[in-house]
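Trainee: So here's model13.txt, just compact mmCIF, C-alpha atoms:
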```
# COMPACT_ATOMS: atom_id res chain seq x y z
CA MET A 1088 115.00 92.99 92.92
CA PRO A 1089 113.37 94.74 94.59
CA LEU A 1090 110.20 92.69 94.83
CA ILE A 1091 107.15 94.95 95.03
CA LYS A 1092 103.82 93.83 96.47
CA ILE A 1093 100.89 96.21 96.12
CA ASP A 1094 97.65 95.91 98.05
CA ALA A 1095 94.66 97.97 96.92
CA LEU A 1096 90.90 97.98 96.91
CA GLU A 1097 89.08 96.38 94.00
CA GLY A 1098 87.97 98.69 91.22
CA ARG A 1099 90.83 99.16 88.81
CA SER A 1100 90.52 97.83 85.28
CA GLN A 1101 93.22 95.63 83.78
CA SER A 1102 94.60 98.59 81.85
CA GLU A 1103 94.59 100.80 84.95
CA VAL A 1104 96.58 98.15 86.79
CA ALA A 1105 99.04 97.97 83.89
CA THR A 1106 99.49 101.74 83.93
CA LEU A 1107 99.98 101.74 87.69
CA LEU A 1108 102.56 98.95 87.63
CA ASP A 1109 104.45 100.71 84.83
CA ALA A 1110 104.54 103.89 86.92
CA VAL A 1111 105.81 102.02 89.98
CA HIS A 1112 108.52 100.38 87.90
CA ARG A 1113 109.69 103.69 86.45
CA ALA A 1114 110.13 104.95 90.02
CA VAL A 1115 112.13 101.86 90.98
CA VAL A 1116 114.45 102.24 87.99
CA LYS A 1117 114.95 105.97 88.49
CA ALA A 1118 115.44 105.94 92.25
CA PHE A 1119 117.45 102.74 92.67
CA HIS A 1120 119.25 102.70 89.29
CA VAL A 1121 118.35 99.07 88.66
CA PRO A 1122 118.29 97.47 85.18
CA VAL A 1123 115.06 97.93 83.23
CA ARG A 1124 114.28 94.20 83.41
CA ASP A 1125 114.76 94.17 87.20
CA ARG A 1126 110.99 94.05 87.56
CA TYR A 1127 109.11 91.86 90.03
CA GLN A 1128 105.60 93.03 90.93
CA VAL A 1129 102.47 91.58 92.48
CA TYR A 1130 99.21 93.54 92.55
CA GLN A 1131 96.47 92.26 94.85
CA ALA A 1132 92.98 93.81 94.90
CA HIS A 1133 90.80 93.39 97.99
CA PRO A 1134 87.09 93.81 98.66
CA LYS A 1135 86.10 96.79 100.77
CA GLY A 1136 86.55 96.01 104.45
CA CYS A 1137 89.58 93.79 103.83
CA LEU A 1138 92.02 96.68 103.52
CA VAL A 1139 92.32 99.36 106.20
CA ILE A 1140 94.68 102.29 105.74
CA GLN A 1141 94.51 105.08 108.29
CA ASP A 1142 97.12 107.77 108.97
CA THR A 1143 98.74 107.55 112.45
CA GLY A 1144 97.27 110.99 113.12
CA LEU A 1145 99.23 112.60 110.27
CA ASN A 1146 96.11 114.05 108.63
CA ILE A 1147 96.83 112.30 105.36
CA PRO A 1148 93.62 111.99 103.35
CA ARG A 1149 92.94 108.50 101.96
CA THR A 1150 90.60 107.56 99.14
CA ASP A 1151 89.45 104.24 97.72
CA LYS A 1152 92.46 104.38 95.39
CA ALA A 1153 94.98 104.15 98.24
CA LEU A 1154 97.88 101.72 97.87
CA ILE A 1155 99.89 99.84 100.47
CA ILE A 1156 103.19 99.09 98.75
CA THR A 1157 105.53 96.58 100.39
CA VAL A 1158 109.07 96.46 99.02
CA ILE A 1159 111.54 93.63 99.66
CA SER A 1160 115.01 94.88 98.80
CA LYS A 1161 118.70 94.48 99.47
CA GLN A 1162 120.01 97.21 101.79
CA ARG A 1163 119.91 100.66 100.30
CA ASP A 1164 121.03 104.03 101.66
CA GLU A 1165 118.54 106.35 103.27
CA ILE A 1166 119.04 108.88 100.49
CA LEU A 1167 117.91 106.34 97.90
CA LYS A 1168 114.82 105.48 99.92
CA ARG A 1169 113.92 109.17 100.20
CA ARG A 1170 114.37 109.49 96.46
CA PHE A 1171 112.21 106.41 95.90
CA TYR A 1172 109.30 107.74 97.98
CA LYS A 1173 109.37 111.04 96.07
CA GLU A 1174 109.75 109.45 92.66
CA LEU A 1175 107.07 106.87 93.33
CA THR A 1176 104.60 109.52 94.40
CA GLU A 1177 105.42 111.68 91.38
CA GLN A 1178 105.04 108.80 88.92
CA LEU A 1179 101.77 107.62 90.45
CA THR A 1180 100.21 111.07 90.64
CA SER A 1181 101.27 112.08 87.13
CA SER A 1182 100.54 108.79 85.35
CA ALA A 1183 98.06 106.79 87.42
CA SER A 1184 95.67 109.43 88.79
CA LEU A 1185 96.65 108.91 92.41
CA ALA A 1186 96.70 111.56 95.11
CA PRO A 1187 100.00 111.90 97.05
CA GLY A 1188 98.18 110.85 100.20
CA ASP A 1189 97.22 107.54 98.66
CA VAL A 1190 100.76 106.15 98.40
CA MET A 1191 102.02 104.30 101.46
CA VAL A 1192 105.28 102.33 101.44
CA ALA A 1193 106.99 99.88 103.80
CA ILE A 1194 110.44 98.51 102.93
CA VAL A 1195 111.88 95.26 104.27
CA GLU A 1196 115.58 94.60 103.69
CA ASN A 1197 117.51 91.40 103.16
CA SER A 1198 120.95 90.36 101.88
CA ALA A 1199 122.74 89.07 98.81
CA ALA A 1200 122.27 85.42 99.77
CA ASP A 1201 118.51 85.89 100.06
CA TRP A 1202 117.75 86.05 96.35
CA SER A 1203 117.43 83.42 93.70
CA PHE A 1204 116.03 84.70 90.42
CA GLY A 1205 115.76 81.26 88.88
CA ASN A 1206 117.61 78.04 88.04
CA GLY A 1207 118.26 77.30 91.71
CA GLU A 1208 121.16 79.75 91.84
CA PRO A 1209 121.80 82.73 94.15
CA GLN A 1210 122.80 85.18 91.41
CA PHE A 1211 124.21 87.82 93.75
CA LEU A 1212 126.63 85.20 95.08
CA THR A 1213 127.59 83.52 91.83
CA GLY A 1214 128.75 86.83 90.37
CA GLU A 1215 126.05 86.89 87.70
CA LEU A 1216 124.66 90.00 89.44
CA GLY A 1217 126.90 92.64 91.04
CA MET B 1195 102.90 101.04 111.60
CA PRO B 1196 102.91 98.21 112.15
CA LEU B 1197 101.51 96.87 108.89
CA ILE B 1198 99.45 93.73 109.52
CA LYS B 1199 98.74 91.13 106.85
CA ILE B 1200 96.32 88.37 107.72
CA ASP B 1201 95.90 85.18 105.71
CA ALA B 1202 92.89 82.97 106.41
CA LEU B 1203 90.59 80.48 104.78
CA GLU B 1204 87.46 81.73 103.04
CA GLY B 1205 84.26 81.65 105.03
CA ARG B 1206 84.04 84.81 107.13
CA SER B 1207 81.29 87.30 106.40
CA GLN B 1208 82.11 90.96 105.88
CA SER B 1209 80.99 91.76 109.42
CA GLU B 1210 83.05 88.90 110.85
CA VAL B 1211 86.11 90.27 109.07
CA ALA B 1212 85.38 93.73 110.48
CA THR B 1213 85.09 92.34 114.02
CA LEU B 1214 88.31 90.39 113.59
CA LEU B 1215 90.27 93.38 112.26
CA ASP B 1216 88.97 95.55 115.11
CA ALA B 1217 90.15 92.94 117.62
CA VAL B 1218 93.60 92.76 116.01
CA HIS B 1219 93.88 96.53 116.11
CA ARG B 1220 92.96 96.74 119.78
CA ALA B 1221 95.80 94.31 120.52
CA VAL B 1222 98.25 96.41 118.48
CA VAL B 1223 97.26 99.60 120.33
CA LYS B 1224 97.36 97.98 123.76
CA ALA B 1225 100.60 96.05 123.34
CA PHE B 1226 102.64 98.53 121.30
CA HIS B 1227 101.11 101.80 122.61
CA VAL B 1228 100.63 103.18 119.13
CA PRO B 1229 98.14 105.94 118.26
CA VAL B 1230 94.58 104.77 117.56
CA ARG B 1231 94.83 105.82 113.92
CA ASP B 1232 98.09 103.86 113.45
CA ARG B 1233 96.12 101.19 111.65
CA TYR B 1234 97.20 99.39 108.48
CA GLN B 1235 95.62 96.02 107.82
CA VAL B 1236 95.16 93.65 104.91
CA TYR B 1237 92.92 90.59 105.20
CA GLN B 1238 93.25 87.94 102.51
CA ALA B 1239 90.94 84.91 102.33
CA HIS B 1240 92.08 81.78 100.50
CA PRO B 1241 90.27 78.74 99.13
CA LYS B 1242 90.87 75.50 100.98
CA GLY B 1243 94.14 73.93 99.90
CA CYS B 1244 95.84 77.27 99.36
CA LEU B 1245 96.63 77.82 103.04
CA VAL B 1246 98.49 75.22 105.08
CA ILE B 1247 99.10 75.75 108.78
CA GLN B 1248 100.54 72.86 110.76
CA ASP B 1249 102.24 73.02 114.17
CA THR B 1250 105.96 72.07 114.10
CA GLY B 1251 105.05 69.17 116.39
CA LEU B 1252 103.78 71.48 119.14
CA ASN B 1253 100.38 69.76 119.32
CA ILE B 1254 98.53 72.98 118.64
CA PRO B 1255 95.08 72.21 117.28
CA ARG B 1256 94.12 74.14 114.14
CA THR B 1257 90.65 74.70 112.75
CA ASP B 1258 89.36 76.25 109.54
CA LYS B 1259 89.35 79.59 111.37
CA ALA B 1260 93.14 79.64 111.80
CA LEU B 1261 94.99 82.86 110.98
CA ILE B 1262 98.53 83.46 109.77
CA ILE B 1263 99.31 87.01 110.83
CA THR B 1264 102.39 88.70 109.38
CA VAL B 1265 103.50 91.91 111.05
CA ILE B 1266 105.93 94.41 109.53
CA SER B 1267 107.17 96.68 112.29
CA LYS B 1268 109.98 98.90 113.45
CA GLN B 1269 112.17 97.19 116.05
CA ARG B 1270 110.41 96.49 119.31
CA ASP B 1271 111.63 94.93 122.53
CA GLU B 1272 111.01 91.28 123.23
CA ILE B 1273 108.76 92.17 126.15
CA LEU B 1274 106.44 94.10 123.83
CA LYS B 1275 106.29 91.21 121.40
CA ARG B 1276 105.38 88.82 124.21
CA ARG B 1277 102.68 91.24 125.31
CA PHE B 1278 101.41 91.49 121.74
CA TYR B 1279 101.08 87.73 121.30
CA LYS B 1280 99.11 87.48 124.54
CA GLU B 1281 96.93 90.49 123.89
CA LEU B 1282 96.23 89.43 120.31
CA THR B 1283 95.14 85.99 121.39
CA GLU B 1284 92.95 87.40 124.14
CA GLN B 1285 91.26 89.90 121.85
CA LEU B 1286 90.64 87.33 119.12
CA THR B 1287 89.30 84.66 121.45
CA SER B 1288 87.05 87.03 123.39
CA SER B 1289 85.74 89.07 120.45
CA ALA B 1290 86.16 87.07 117.27
CA SER B 1291 85.37 83.49 118.34
CA LEU B 1292 88.85 82.17 117.71
CA ALA B 1293 90.58 79.42 119.63
CA PRO B 1294 94.03 80.28 121.05
CA GLY B 1295 95.55 77.63 118.82
CA ASP B 1296 94.30 79.40 115.70
CA VAL B 1297 96.45 82.50 116.06
CA MET B 1298 99.91 82.32 114.48
CA VAL B 1299 102.17 85.36 114.18
CA ALA B 1300 105.42 86.14 112.36
CA ILE B 1301 107.06 89.55 112.81
CA VAL B 1302 109.48 91.15 110.35
CA GLU B 1303 111.36 94.24 111.48
CA ASN B 1304 112.62 97.25 109.59
CA SER B 1305 113.88 100.76 110.37
CA ALA B 1306 112.77 104.38 110.53
CA ALA B 1307 113.81 105.09 106.94
CA ASP B 1308 111.70 102.23 105.66
CA TRP B 1309 108.30 103.89 106.08
CA SER B 1310 106.43 106.46 104.05
CA PHE B 1311 102.84 106.92 105.12
CA GLY B 1312 102.00 109.20 102.21
CA ASN B 1313 102.97 112.36 100.33
CA GLY B 1314 106.33 110.90 99.34
CA GLU B 1315 107.83 111.66 102.76
CA PRO B 1316 109.56 109.36 105.30
CA GLN B 1317 107.64 110.62 108.34
CA PHE B 1318 109.90 108.97 110.91
CA LEU B 1319 112.83 110.91 109.43
CA THR B 1320 111.13 114.25 108.91
CA GLY B 1321 110.17 114.46 112.58
CA GLU B 1322 106.44 114.24 111.91
CA LEU B 1323 106.48 110.90 113.75
CA GLY B 1324 108.68 110.27 116.81
CA MET C 1493 108.80 78.21 110.33
CA PRO C 1494 109.72 79.13 107.72
CA LEU C 1495 106.53 80.77 106.46
CA ILE C 1496 106.27 80.41 102.69
CA LYS C 1497 104.16 82.71 100.52
CA ILE C 1498 103.80 81.80 96.88
CA ASP C 1499 102.48 84.14 94.19
CA ALA C 1500 101.54 82.69 90.83
CA LEU C 1501 99.27 83.26 87.87
CA GLU C 1502 95.81 81.67 87.89
CA GLY C 1503 95.42 78.38 86.10
CA ARG C 1504 96.44 75.58 88.44
CA SER C 1505 93.83 73.10 89.58
CA GLN C 1506 93.34 72.33 93.26
CA SER C 1507 95.30 69.12 92.88
CA GLU C 1508 98.11 70.85 91.02
CA VAL C 1509 98.37 73.36 93.86
CA ALA C 1510 98.48 70.50 96.37
CA THR C 1511 101.27 68.80 94.43
CA LEU C 1512 103.20 72.03 94.19
CA LEU C 1513 102.89 72.81 97.91
CA ASP C 1514 103.98 69.28 98.79
CA ALA C 1515 107.06 69.69 96.60
CA VAL C 1516 107.93 73.03 98.21
CA HIS C 1517 107.58 71.50 101.64
CA ARG C 1518 109.85 68.58 100.81
CA ALA C 1519 112.52 71.10 99.80
CA VAL C 1520 112.10 73.01 103.07
CA VAL C 1521 112.44 69.84 105.14
CA LYS C 1522 115.42 68.55 103.18
CA ALA C 1523 117.38 71.81 102.98
CA PHE C 1524 116.64 73.28 106.39
CA HIS C 1525 116.23 70.04 108.39
CA VAL C 1526 113.00 71.22 109.99
CA PRO C 1527 110.38 68.86 111.46
CA VAL C 1528 107.87 67.45 108.98
CA ARG C 1529 105.01 69.36 110.60
CA ASP C 1530 106.92 72.66 110.38
CA ARG C 1531 104.73 73.62 107.46
CA TYR C 1532 103.21 77.05 106.89
CA GLN C 1533 102.25 77.88 103.31
CA VAL C 1534 100.08 80.38 101.50
CA TYR C 1535 99.43 80.07 97.75
CA GLN C 1536 97.95 83.10 96.01
CA ALA C 1537 96.87 83.01 92.35
CA HIS C 1538 96.63 86.25 90.39
CA PRO C 1539 94.95 87.22 87.13
CA LYS C 1540 97.25 87.94 84.22
CA GLY C 1541 98.62 91.44 84.44
CA CYS C 1542 98.73 91.42 88.24
CA LEU C 1543 101.99 89.50 88.43
CA VAL C 1544 105.11 90.62 86.62
CA ILE C 1545 108.29 88.58 86.76
CA GLN C 1546 111.16 89.61 84.53
CA ASP C 1547 114.83 88.63 84.84
CA THR C 1548 117.18 91.54 85.63
CA GLY C 1549 118.87 90.83 82.30
CA LEU C 1550 119.86 87.31 83.33
CA ASN C 1551 118.21 85.71 80.29
CA ILE C 1552 116.07 83.47 82.45
CA PRO C 1553 113.03 82.32 80.46
CA ARG C 1554 109.70 82.74 82.27
CA THR C 1555 106.42 81.04 81.50
CA ASP C 1556 102.90 81.43 82.82
CA LYS C 1557 103.78 78.85 85.46
CA ALA C 1558 106.41 81.08 87.12
CA LEU C 1559 106.38 81.38 90.90
CA ILE C 1560 107.50 84.19 93.17
CA ILE C 1561 108.26 82.48 96.48
CA THR C 1562 108.73 84.68 99.54
CA VAL C 1563 110.20 82.97 102.60
CA ILE C 1564 110.09 84.40 106.14
CA SER C 1565 112.65 82.54 108.22
CA LYS C 1566 114.92 82.73 111.21
CA GLN C 1567 118.53 83.38 110.23
CA ARG C 1568 120.11 80.54 108.31
CA ASP C 1569 123.62 80.10 106.94
CA GLU C 1570 124.36 80.88 103.34
CA ILE C 1571 125.12 77.25 102.65
CA LEU C 1572 121.61 76.25 103.72
CA LYS C 1573 120.06 78.89 101.49
CA ARG C 1574 122.08 77.64 98.54
CA ARG C 1575 120.93 74.11 99.30
CA PHE C 1576 117.33 75.33 99.55
CA TYR C 1577 117.37 77.03 96.15
CA LYS C 1578 118.76 73.88 94.52
CA GLU C 1579 116.44 71.50 96.36
CA LEU C 1580 113.39 73.66 95.71
CA THR C 1581 114.11 73.81 92.00
CA GLU C 1582 114.74 70.06 91.82
CA GLN C 1583 111.52 69.23 93.68
CA LEU C 1584 109.43 71.61 91.59
CA THR C 1585 110.85 70.49 88.27
CA SER C 1586 110.61 66.78 89.05
CA SER C 1587 107.19 66.78 90.76
CA ALA C 1588 105.28 69.87 89.70
CA SER C 1589 106.19 70.29 86.03
CA LEU C 1590 108.02 73.56 86.50
CA ALA C 1591 111.00 74.75 84.49
CA PRO C 1592 114.08 75.81 86.54
CA GLY C 1593 113.67 79.33 85.23
CA ASP C 1594 110.21 79.61 86.74
CA VAL C 1595 111.31 79.42 90.38
CA MET C 1596 112.19 82.76 91.99
CA VAL C 1597 112.86 83.11 95.71
CA ALA C 1598 113.29 86.01 98.13
CA ILE C 1599 114.10 85.31 101.79
CA VAL C 1600 113.40 87.70 104.66
CA GLU C 1601 114.94 86.90 108.04
CA ASN C 1602 113.76 87.55 111.56
CA SER C 1603 114.60 86.35 115.09
CA ALA C 1604 113.47 83.91 117.77
CA ALA C 1605 111.20 86.47 119.46
CA ASP C 1606 109.36 87.09 116.19
CA TRP C 1607 107.39 83.86 116.10
CA SER C 1608 104.27 82.73 117.89
CA PHE C 1609 102.84 79.49 116.56
CA GLY C 1610 99.70 79.69 118.69
CA ASN C 1611 98.34 80.07 122.21
CA GLY C 1612 99.84 83.55 122.57
CA GLU C 1613 103.29 82.12 123.32
CA PRO C 1614 106.67 82.74 121.63
CA GLN C 1615 107.68 79.09 121.40
CA PHE C 1616 111.32 79.78 120.49
CA LEU C 1617 111.64 81.74 123.75
CA THR C 1618 109.68 79.45 126.04
CA GLY C 1619 111.93 76.52 125.18
CA GLU C 1620 109.17 74.55 123.47
CA LEU C 1621 111.15 74.93 120.25
CA GLY C 1622 114.95 74.82 120.13
```
Can you turn what I pasted into structure tokens?
Mentor:
Amino acid sequence: MPLIKIDALEGRSQSEVATLLDAVHRAVVKAFHVPVRDRYQVYQAHPKGCLVIQDTGLNIPRTDKALIITVISKQRDEILKRRFYKELTEQLTSSASLAPGDVMVAIVENSAADWSFGNGEPQFLTGELG
Amino acid sequence: MPLIKIDALEGRSQSEVATLLDAVHRAVVKAFHVPVRDRYQVYQAHPKGCLVIQDTGLNIPRTDKALIITVISKQRDEILKRRFYKELTEQLTSSASLAPGDVMVAIVENSAADWSFGNGEPQFLTGELG
Amino acid sequence: MPLIKIDALEGRSQSEVATLLDAVHRAVVKAFHVPVRDRYQVYQAHPKGCLVIQDTGLNIPRTDKALIITVISKQRDEILKRRFYKELTEQLTSSASLAPGDVMVAIVENSAADWSFGNGEPQFLTGELG
């Protein structure tokens, strides 16, 4: 937790995807202070025409490397989300050759009872996770 | 915002997907009164057997053209959601050859702090977006 | 409702996917007491490297069969969620050859106005669904 889903255009090699996912995870760990093995990521590449990312009139330039990153997370303070957006953009620009305009994020929040990490148990409720 | 994810069966040509995404976007603009460039869409085609859409006993006929449309959005009034469902169905039936029964929608809401459209900034908090 | 999205690694045959989706649906019906035709499922296979599922330090073993199951649902009591996690794991281990450690779930909740099952209508608001 969080669970990160990344939508992108086709074109990255397997090693580029690995580098990108590592960068995203570093941002999660740094911004949200989660354990290093708190890593749940799905990367989905799409053919051109199946992903549209414009800019709501913000004049944000987009390239074919643009990412739409959806984050499912327990509730977190606004200050942590701000930190996450900054950290994520820094990690992706420094390590994965992305431009700052190519990183879009949408967060969806849920609660402690909404997670089971395996074995049919809700680990935030059983006390296994704090 | 909103971010629209569409799941469908394989079989649409690139130009059919383009027509469909344009129709969905017109409905978003008309129903939610968002800027024209407030457009974020992902279209994912699936092989038969990987998408199941039944009807909860509502006697809604489904065809191989059926869409499951997931919408991530800031909170919107019920009246706007009703308008969106109607507008979406009208646009897709008139422009993209869909039957009204083939349009299913699930909305998930989040908050102002949950969006970054690029550059590591939360534009609903910085004042860039109202 | 609920809408179930399943992410997995590539490698299952069409009939294995069918078996798996049937098992997931049995768990939904048993735990949430929904109608049998209340079935909405998307199964997405990913190449290796595009899906990462670790364990937050919980020592949960993962194999290449691991599933990340995202559930969009109206609000449900904690007791029903607990029952769902258990039931889901039992169904998947007994029918679809999964290990209990390979079943991860994240639930996201929404409201009655957030669903349209077709025909441009919000069936939880019109009274067609209770």
Trainee: Env of segment 1226-1231 of chain B: 9 Å cut, atoms = only C-alpha atoms, seq-sep filter 2 positions within chain, self excluded. Answer as a JSON list (two decimals) with C-alpha atoms, in the frame of the given file.
Mentor:
```
[["chain", "number", "residue", "atom", "x", "y", "z"],
["A", 1140, "ILE", "CA", 94.68, 102.29, 105.74],
["A", 1141, "GLN", "CA", 94.51, 105.08, 108.29],
["A", 1142, "ASP", "CA", 97.12, 107.77, 108.97],
["A", 1143, "THR", "CA", 98.74, 107.55, 112.45],
["A", 1144, "GLY", "CA", 97.27, 110.99, 113.12],
["A", 1145, "LEU", "CA", 99.23, 112.60, 110.27],
["B", 1195, "MET", "CA", 102.90, 101.04, 111.60],
["B", 1196, "PRO", "CA", 102.91, 98.21, 112.15],
["B", 1219, "HIS", "CA", 93.88, 96.53, 116.11],
["B", 1220, "ARG", "CA", 92.96, 96.74, 119.78],
["B", 1221, "ALA", "CA", 95.80, 94.31, 120.52],
["B", 1222, "VAL", "CA", 98.25, 96.41, 118.48],
["B", 1223, "VAL", "CA", 97.26, 99.60, 120.33],
["B", 1224, "LYS", "CA", 97.36, 97.98, 123.76],
["B", 1233, "ARG", "CA", 96.12, 101.19, 111.65],
["B", 1234, "TYR", "CA", 97.20, 99.39, 108.48],
["B", 1270, "ARG", "CA", 110.41, 96.49, 119.31],
["B", 1274, "LEU", "CA", 106.44, 94.10, 123.83],
["B", 1275, "LYS", "CA", 106.29, 91.21, 121.40],
["B", 1277, "ARG", "CA", 102.68, 91.24, 125.31],
["B", 1278, "PHE", "CA", 101.41, 91.49, 121.74]]
```
Trainee: Can you check which residues of chain B have any atom within 6 Å of chain C? Use all atoms listed in the file and format it as number ranges by chain.
Mentor: B: 1244-1251, 1279-1280, 1283, 1294-1295, 1297-1302
Trainee: Selected residues, C-alpha atoms, written as an mmCIF file, in the frame of the given file, please.
Mentor:
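Writing done, so here's part-v8.cif:
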```
data_model
loop_
_atom_site.group_PDB
_atom_site.id
_atom_site.type_symbol
_atom_site.label_atom_id
_atom_site.label_comp_id
_atom_site.auth_asym_id
_atom_site.auth_seq_id
_atom_site.Cartn_x
_atom_site.Cartn_y
_atom_site.Cartn_z
ATOM 1 C CA CYS B 1244 95.840 77.270 99.360
ATOM 2 C CA LEU B 1245 96.630 77.820 103.040
ATOM 3 C CA VAL B 1246 98.490 75.220 105.080
ATOM 4 C CA ILE B 1247 99.100 75.750 108.780
ATOM 5 C CA GLN B 1248 100.540 72.860 110.760
ATOM 6 C CA ASP B 1249 102.240 73.020 114.170
ATOM 7 C CA THR B 1250 105.960 72.070 114.100
ATOM 8 C CA GLY B 1251 105.050 69.170 116.390
ATOM 9 C CA TYR B 1279 101.080 87.730 121.300
ATOM 10 C CA LYS B 1280 99.110 87.480 124.540
ATOM 11 C CA THR B 1283 95.140 85.990 121.390
ATOM 12 C CA PRO B 1294 94.030 80.280 121.050
ATOM 13 C CA GLY B 1295 95.550 77.630 118.820
ATOM 14 C CA VAL B 1297 96.450 82.500 116.060
ATOM 15 C CA MET B 1298 99.910 82.320 114.480
ATOM 16 C CA VAL B 1299 102.170 85.360 114.180
ATOM 17 C CA ALA B 1300 105.420 86.140 112.360
ATOM 18 C CA ILE B 1301 107.060 89.550 112.810
ATOM 19 C CA VAL B 1302 109.480 91.150 110.350
#
```
Trainee: Provide the atom CA of Asp1189 of chain A to atom CA of Pro1134 of chain A distance in Å, to one decimal place.
Mentor: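 Here the two named atoms are 17.1 Å from each other.
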Trainee: Can you tell me how far atom CA of Phe1211 of chain A sits from atom CA of Lys1161 of chain A, in Å to one decimal?
Mentor: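 Interatomic distance, atom CA of Phe1211 of chain A to atom CA of Lys1161 of chain A: 10.4 Å.
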Trainee: Taking every listed atom of segment 1568-1582 of chain C and adding 3 Å to each side, what centre and edge lengths in Å (one decimal) does the axis-aligned box have, as JSON?
Mentor:
```
{"center_x": 119.3, "center_y": 75.5, "center_z": 100.1, "size_x": 17.7, "size_y": 16.8, "size_z": 22.5}
```
